Every structure is written in structure tokens, then in C-alpha cells.
Amino acid sequence: MTEWEKVIDDVAGVISKAVGTQVLSTELMTPPQDELGDLAFPCFSIAKEWKKNPSEIAFALAGKINHDLSAVGVIQSVKGEGPYLNILLKAGVLSSRILKNVEDRGPLFGQSDVGDGRELMLEYAQPNTHKELHVGHLRNLVLGLSLHRILTAIGWKVVPVSYHGDVGAHVAKCVWLLEEEGGLDAIPESYRTGKVLGEMYSRATTRLEERPELKDLVSEVQQKLEAGDPHLTALWEETRSWSIREMDEVFEELGVEIERRYFESEVTEPGNRIVDELVESGIATQSEGALIVDLEEKKLGVFLVRKSDGTSLYATKDLALAKLKFAEYPDIERSLHVVDTRQAYYFKQLFEVFTLMGFEKPLEFIGYDFVTLATGAMSSRKGNIVTYQDFRDEMLTHVLNETVKRHPDWDQDRIQKTAHTILLAGVKFGMLKQSREKMYTFDPVKTLSFEGETGPYVQYAVTRLASILQKASADASAPSNSDSISETELQLLDHPSEKQLVITIAKFPLIVKRAGENMEPAELAQWCIDMAHRVNGFYRDVKVLDAPKAERSAKLRLVASAQRVLLSGLYLLGIPAPKEM
RNA sequence: GCGGCCGUAGCUCAGCUGGAUAGAGCGCUUCCCUGCGAAGGAAGAGGUCGGACGUUCAAAUCGUCCCGGUCGCACCA
């Protein structure tokens, strides 16, 4: 139980005593405005029981409780306001309980043991080789990274894995055009990058749009590749490594850490064998020349597992992939897939096929809605894809300018480091702050703005706190933390803004837990905004450095705790914070 | 046609699994840096929570039915 839950429990206990029957802590709520109180107890249900007016009950309870408030309790006073019993907490008592808890737990504050150390696999990074990396992939990477960290924080042992399409039609297109344009020799050493391949892929796509008769040539390349043609295979291996290198760079920049990378090329053969088995066991049948699994009984249509030309497809490989995962990691108790929600139906079918096969493993689909542009969805056909590289470069230039503007005296290195951190916050926070089930409309102008509810806004709150701490420690007259003072000094915190800040800190562990259980980093992002808002309110109302010695020491401890917890929140979103900005 | 998701201020979204006069940010109109950092703060205008029934002391929240948008429904991944 978190300290905040204990506080609520204590309050529920006091109310229970006054009411005469057990009042659950879940019956308490937060009033809509700070001024009303810190907690509230709606009196409707007991009013119904007692057949009395809820307002009268609230008033009566308030009188009863206020009458024998013990001096040591966390409750300052209670008040009946309409049908609600509003509870005002003692800022000092509350602060000392919560902040001591934060200080004792240190970096562990916010963590819980929901997962109980059990193992869980999280598949989330699925960019293909030989294709451009675009802002759509970004949402997946950012979401996955955050889920990785949040699930770890609530006690799961997370195995993060990625899955990449390194074979198939898109690869053939790319390799085909490369051959057309003179092969490897036509590309200078320094141009051998994933980005160039992505461009080549889109060029190939447009060319095929214009001249459909070329499709046969591409399919020829694909067949040769699958047959193991030495020349083309060498070309494939070489270009594949460019893409992988590019992914390495992007992953590194974003902080994405993957324990095991799966490739389609390694599950193609095993997948085909599984399809053979499905045919033998009668689960898969012939239909229109292809092999399908009929799922009509479950109202899931038909599931294609092999094309009529005998080649494999996504489904073929996914069958083998799931088995491979559990073979390699026999201890995993859940296997999660963070995938574009447009594939929800497909995954339902896939999971159903596993059930038919008797492969009953806890597979879960974590869908998120896709990234679109204000002008419509991105597609290679429309040629309106915003690539990761272009977007990143534009953002970085912008952030660099803004940083230079604010700090003309900084050297290059300092500017670069800070700007990069802000860049990551802007991009990631923007993608995480709304729930994953909602479409993310990518607006470059808006993404460039760092005012209001943005990642940099949260970072800014952190640096303000850091600045106070830094000035305090530089100050020679900094108070020594003698134990006798530290025991009681936190009681000196009594400003409403201090209390609100403490309450927001106190809620952090619960928020993390909920975000993890709901697989929804947005809930944590919302908390970060709330926290930053409270920090700014505190900053406005409370002067730390000018305060008398004991108060100042207490306030500094609040500042330190607030900073640490807010940093933890950002960390769980995958967002670093600068020391200064 | 069937199914999933969504519909809250001009725009982008919160709303803690049913509670008080529905909240932020952006944009708009004002104001605040000799102050612990203005990437900040304060104030104002702006709403029949898509619609209708129902459950309930209480519905943006739960249920049913409509309407609108979006995505998916066999040889792409």
C-alpha cells in the first residue's frame, strides 16, 4: 500500500467511527476545486440507508468529527458542504509522511510489485528493412519504450523484442531497382545507408505505378531471392545491413533497447512447416488455390496462410514466430504485441488459429491508432510520407535556434546536448500524452511549439527546481541537516501550494500502477502535466531561498522530492531531462 | 453489409471506471521579468458533453437504439 493510500485509509477510519459503520477508502473522492478540501465523502449512500437528507448528515458528521479531532491526526478540519463532507488535511503532517516516504524509498518510489518479478515479452519495434523509417514508426517505438519502463516499474521482468520484415515484396522492389540502376557499384560508400534504401523503395513504388508491366520483373527478383540466387542474395545481405545500421542509430537515439531481434527471414521456413502440419491435421484447407484456415464459425472469416503461388505471407511467419518466442523464453507468462490497431482483426484471427492448434499461450494485442497528417493518411502512393530523418532534422534545427536565442553565451556542446534532450521530449511527449486508441494527427508546426502541455514544459518545471537546489547548495549558509530538525521541520510546510504539490507527488505510485495495468502511458503523461503545473504554482507562491532557516530546509526537501519524482515520471515515458534549458 | 475504435470549447485533447457550477493547452482579448529561470504565471471570452430513450438519489461516464467520422473484413505487411 502506498503512503497516500494509508492517508486515505486513516481518513476513512475517522469517518467510519463517526458514521458508526465501515466506510471504505474507495468511497472517498477528490473535490473538484482545491479550495473545497483535499478529500471528500459523498453522503448519498448512507442518506439512503438512514432515509435522511444527505446535507444534514454531512453537517452532522462534520460537527461530530471536528469535536474530537486528535492533535496528531492528518485531518485539519472537516466541513459539511451540501451533501458532501469535505476534508482538509494538515499540510505539515501530510508532507512529513509523504516526503519521508519518498526519501526512504529513493529511486524506488513509484515502483510496485504487480508483476511480482514474473517474465513478460514485449514485442514493439517492427520497422522493415529496405523501407523508409517514418513518423508513423515513431509512435510505436515511443509507446513501446514507455511500456517497457512502466511494466518494469510495476514489477514485471520485461523481455523487449523487435520484429523486422527483411524479406518479401518490398525488399524485392528495392533490390530490383538497385540492380536496374547499376547495382552496388553505382552507390558510393558514404551513401550506403538505410535512408537511401528507403528512397529507392519509394522510387520503385512510383515507377511500378507508372509502368505496371514491370511488375513481372520484380516478382522474378523475388522468386530468385527466395530460391537463393547467389548474386541477389549477396546484394540483399549487404543492403539489409544498411537498414539494420540505420535502425541501430535511431533506436540508440530514442533510447530503445531490444533484447532479441526477430527477422522474418528466420521464421519463413519454420512457418511453412507449420502450415504443412496444419494441412495434415486438417486445420488448413485449400480454397481458391490457396491455403486457408476457415474461422467462419467464430465469425472471424477466413485466414490465409499460404498464397496460391505457394509463397509465404505475414501470417505464415507469425505462426512460427510465436512458437519461437516461447521456445527461446520458456518462462514468459505473457506475450504482448504493440501493433497498429488496423491489424486488430488479423491478430484476432491469428490468436484463434493458435487456439485451434492447441497452442494456448497468453498472447495479447496492444493496439494503437496510427499517425496521420492533417492532409490525410501517409502512403508511399501519395508520396506524402514524412520520414523520420527529415522530421528529426527539421526539429533539431528549430530547437537549436530556440536554445541559442535563449542562451547566446553557451558553447556549441552545451547547446547541442540541451537541444537534443528537448527535441526528444517534444516528440515523445506529444505522441504519448493522448491515449493510444486515438489517432495521432501529426502537425509539424504544432510539434515545433513548446508552449503549454508539452514535453519541454515538463522539463522546464524540472529545471526550475534544479535551479533552486543548485543555488541553495552554492550558498554557504546552507543549513546542516541535523536529525532533530529533519524529524520535525517538514511540519513547517503549510502553504496550500506546498500541500497540493505533496498530494500530487503522493499519487505518483498509483498512477504508475494504473498506467501499467491499462497499458496506457498517456495516464502518466497527464500526471506529468499536472505535476509540472503544481510545481509552477509552488514556484509562484513560495519563495524557498528567502525562507527562514528551518522552513527553508523543509522547502528544499520538498523541492528535491518533487524534482526526483517528476524525473521518474519522465523516465518512465522514455524522456530524459536536461540540467538546464 | 458485418465488426473494431472514436464523437466533450473555433482547433487538439483530459475527465481518476457514477458524484458538487464539465477541465486543460493552442488560438483570441488583457496583464506580470531590478524577483529562486517568462520554454513561465494571472485574468477574460468561448459548451444543449453527436441525438433519443433507459438504469440511478445522481450520467460526459453504465445499457439499448439511432446519426456522423474512421479503420478493418483472402493472396500486402
# chains A, B, ... in the order shown; residues from 1 in each chain; ligands from 1
call {"tool": "closest_atom_pairs", "arguments": {"of": "chain B", "to": "chain A", "cutoff": "8 Å", "atoms": "only C-alpha atoms (C1' of nucleotides)", "output": "JSON lines"}}
result
{"residue": "B:G4", "atom": "C1'", "partner": "A:Ala344", "partner_atom": "CA", "distance": 7.8}
{"residue": "B:C5", "atom": "C1'", "partner": "A:Glu437", "partner_atom": "CA", "distance": 6.9}
{"residue": "B:C6", "atom": "C1'", "partner": "A:Lys438", "partner_atom": "CA", "distance": 7.2}
{"residue": "B:C13", "atom": "C1'", "partner": "A:Gln434", "partner_atom": "CA", "distance": 6.9}
{"residue": "B:A14", "atom": "C1'", "partner": "A:Gln526", "partner_atom": "CA", "distance": 7.6}
{"residue": "B:G19", "atom": "C1'", "partner": "A:Pro42", "partner_atom": "CA", "distance": 7.4}
{"residue": "B:A20", "atom": "C1'", "partner": "A:Pro32", "partner_atom": "CA", "distance": 7.2}
{"residue": "B:G25", "atom": "C1'", "partner": "A:Gly452", "partner_atom": "CA", "distance": 5.3}
{"residue": "B:C26", "atom": "C1'", "partner": "A:Gly452", "partner_atom": "CA", "distance": 7.7}
{"residue": "B:C36", "atom": "C1'", "partner": "A:Ile468", "partner_atom": "CA", "distance": 5.2}
{"residue": "B:G37", "atom": "C1'", "partner": "A:Arg464", "partner_atom": "CA", "distance": 6.3}
{"residue": "B:A39", "atom": "C1'", "partner": "A:Phe450", "partner_atom": "CA", "distance": 6.1}
{"residue": "B:G40", "atom": "C1'", "partner": "A:Asn536", "partner_atom": "CA", "distance": 7.4}
{"residue": "B:G41", "atom": "C1'", "partner": "A:Arg540", "partner_atom": "CA", "distance": 7.0}
{"residue": "B:C57", "atom": "C1'", "partner": "A:Phe44", "partner_atom": "CA", "distance": 6.8}
{"residue": "B:C71", "atom": "C1'", "partner": "A:Arg342", "partner_atom": "CA", "distance": 6.0}
{"residue": "B:G72", "atom": "C1'", "partner": "A:Arg342", "partner_atom": "CA", "distance": 6.1}
{"residue": "B:C73", "atom": "C1'", "partner": "A:Gly301", "partner_atom": "CA", "distance": 7.6}
{"residue": "B:A74", "atom": "C1'", "partner": "A:Leu304", "partner_atom": "CA", "distance": 5.8}
{"residue": "B:C75", "atom": "C1'", "partner": "A:Lys307", "partner_atom": "CA", "distance": 4.6}
{"residue": "B:A77", "atom": "C1'", "partner": "A:Tyr314", "partner_atom": "CA", "distance": 6.3}
call {"tool": "select_by_dssp", "arguments": {"residues": "stretch 364-580 of chain A", "states": "alpha helix (DSSP H)", "output": "PyMOL selection string"}}
result
chain A and resi 388-406+412-432+444-448+455-474+483-489+496-517+521-541+549-572
call {"tool": "atom_distance", "arguments": {"atom1": "atom CA of A:Asn86", "atom2": "atom CA of A:Gly37"}}
result
5.5 Å
call {"tool": "atom_distance", "arguments": {"atom1": "atom CA of A:Thr268", "atom2": "atom CA of A:Glu297"}}
result
28.2 Å
call {"tool": "residues_around", "arguments": {"residues": "B:C28", "least_positions_apart": "3", "cutoff": "10 Å", "atoms": "only C-alpha atoms (C1' of nucleotides)", "output": "JSON, numbers by chain"}}
result
{"B": [10, 45, 46]}
call {"tool": "atom_distance", "arguments": {"atom1": "atom CA of A:Leu319", "atom2": "atom CA of A:Leu363"}}
result
12.2 Å
call {"tool": "closest_residue", "arguments": {"among": "A:Arg392, A:Arg207, A:Arg149, A:His164", "to": "A:Ala125", "atoms": "only C-alpha atoms"}}
result
A:His164
call {"tool": "select_by_dssp", "arguments": {"residues": "stretch 111-166 of chain A", "states": "strand (DSSP E)", "output": "ChimeraX atom specification"}}
result
/A:119-125,157-164
call {"tool": "write_last_selection", "arguments": {"atoms": "N, CA, C and O atoms", "output": "CSV table (one decimal), in the first residue's frame"}}
result
chain,number,residue,atom,x,y,z
A,119,GLU,N,8.0,-13.0,-15.7
A,119,GLU,CA,8.6,-12.6,-17.0
A,119,GLU,C,7.5,-12.3,-18.1
A,119,GLU,O,6.5,-13.0,-18.1
A,120,LEU,N,7.7,-11.3,-18.9
A,120,LEU,CA,6.8,-10.9,-19.9
A,120,LEU,C,7.5,-10.5,-21.1
A,120,LEU,O,8.5,-9.8,-21.0
A,121,MET,N,7.0,-10.9,-22.3
A,121,MET,CA,7.7,-10.4,-23.5
A,121,MET,C,6.9,-9.3,-24.2
A,121,MET,O,5.7,-9.4,-24.2
A,122,LEU,N,7.6,-8.3,-24.6
A,122,LEU,CA,7.0,-7.1,-25.2
A,122,LEU,C,7.6,-6.9,-26.6
A,122,LEU,O,8.8,-6.6,-26.7
A,123,GLU,N,6.8,-7.2,-27.6
A,123,GLU,CA,7.3,-7.0,-29.0
A,123,GLU,C,6.8,-5.7,-29.4
A,123,GLU,O,5.6,-5.4,-29.4
A,124,TYR,N,7.7,-4.8,-29.8
A,124,TYR,CA,7.1,-3.5,-30.2
A,124,TYR,C,7.8,-2.7,-31.3
A,124,TYR,O,7.3,-1.7,-31.8
A,125,ALA,N,9.0,-3.1,-31.7
A,125,ALA,CA,9.6,-2.3,-32.8
A,125,ALA,C,9.6,-3.1,-34.1
A,125,ALA,O,10.2,-4.2,-34.2
A,157,LYS,N,9.4,-8.6,-15.2
A,157,LYS,CA,10.7,-8.7,-15.8
A,157,LYS,C,10.4,-8.7,-17.3
A,157,LYS,O,9.9,-9.7,-17.9
A,158,VAL,N,10.7,-7.6,-18.0
A,158,VAL,CA,10.3,-7.4,-19.3
A,158,VAL,C,11.4,-7.8,-20.3
A,158,VAL,O,12.5,-7.4,-20.2
A,159,VAL,N,11.0,-8.7,-21.3
A,159,VAL,CA,11.9,-9.0,-22.4
A,159,VAL,C,11.5,-8.2,-23.6
A,159,VAL,O,10.5,-8.6,-24.3
A,160,PRO,N,12.2,-7.1,-24.0
A,160,PRO,CA,11.8,-6.4,-25.1
A,160,PRO,C,12.3,-7.0,-26.4
A,160,PRO,O,13.5,-7.2,-26.5
A,161,VAL,N,11.5,-7.2,-27.4
A,161,VAL,CA,11.9,-7.8,-28.6
A,161,VAL,C,11.4,-7.0,-29.8
A,161,VAL,O,10.4,-6.3,-29.7
A,162,SER,N,12.1,-7.1,-30.9
A,162,SER,CA,11.6,-6.4,-32.1
A,162,SER,C,11.4,-7.5,-33.2
A,162,SER,O,11.8,-8.6,-33.1
A,163,TYR,N,10.7,-7.1,-34.3
A,163,TYR,CA,10.4,-8.0,-35.4
A,163,TYR,C,10.5,-7.2,-36.7
A,163,TYR,O,9.8,-6.2,-36.8
A,164,HIS,N,11.3,-7.7,-37.6
A,164,HIS,CA,11.5,-6.9,-38.8
A,164,HIS,C,11.2,-7.7,-40.1
A,164,HIS,O,11.7,-8.8,-40.2
call {"tool": "residues_around", "arguments": {"residues": "B:G50", "least_positions_apart": "6", "cutoff": "12 Å", "atoms": "only C-alpha atoms (C1' of nucleotides)", "output": "ChimeraX atom specification"}}
result
/B:6-8,60,66-69
call {"tool": "closest_residue", "arguments": {"among": "A:Trp176, A:Phe41, A:Trp4, A:Phe391", "to": "A:Leu24", "atoms": "only C-alpha atoms"}}
result
A:Phe41
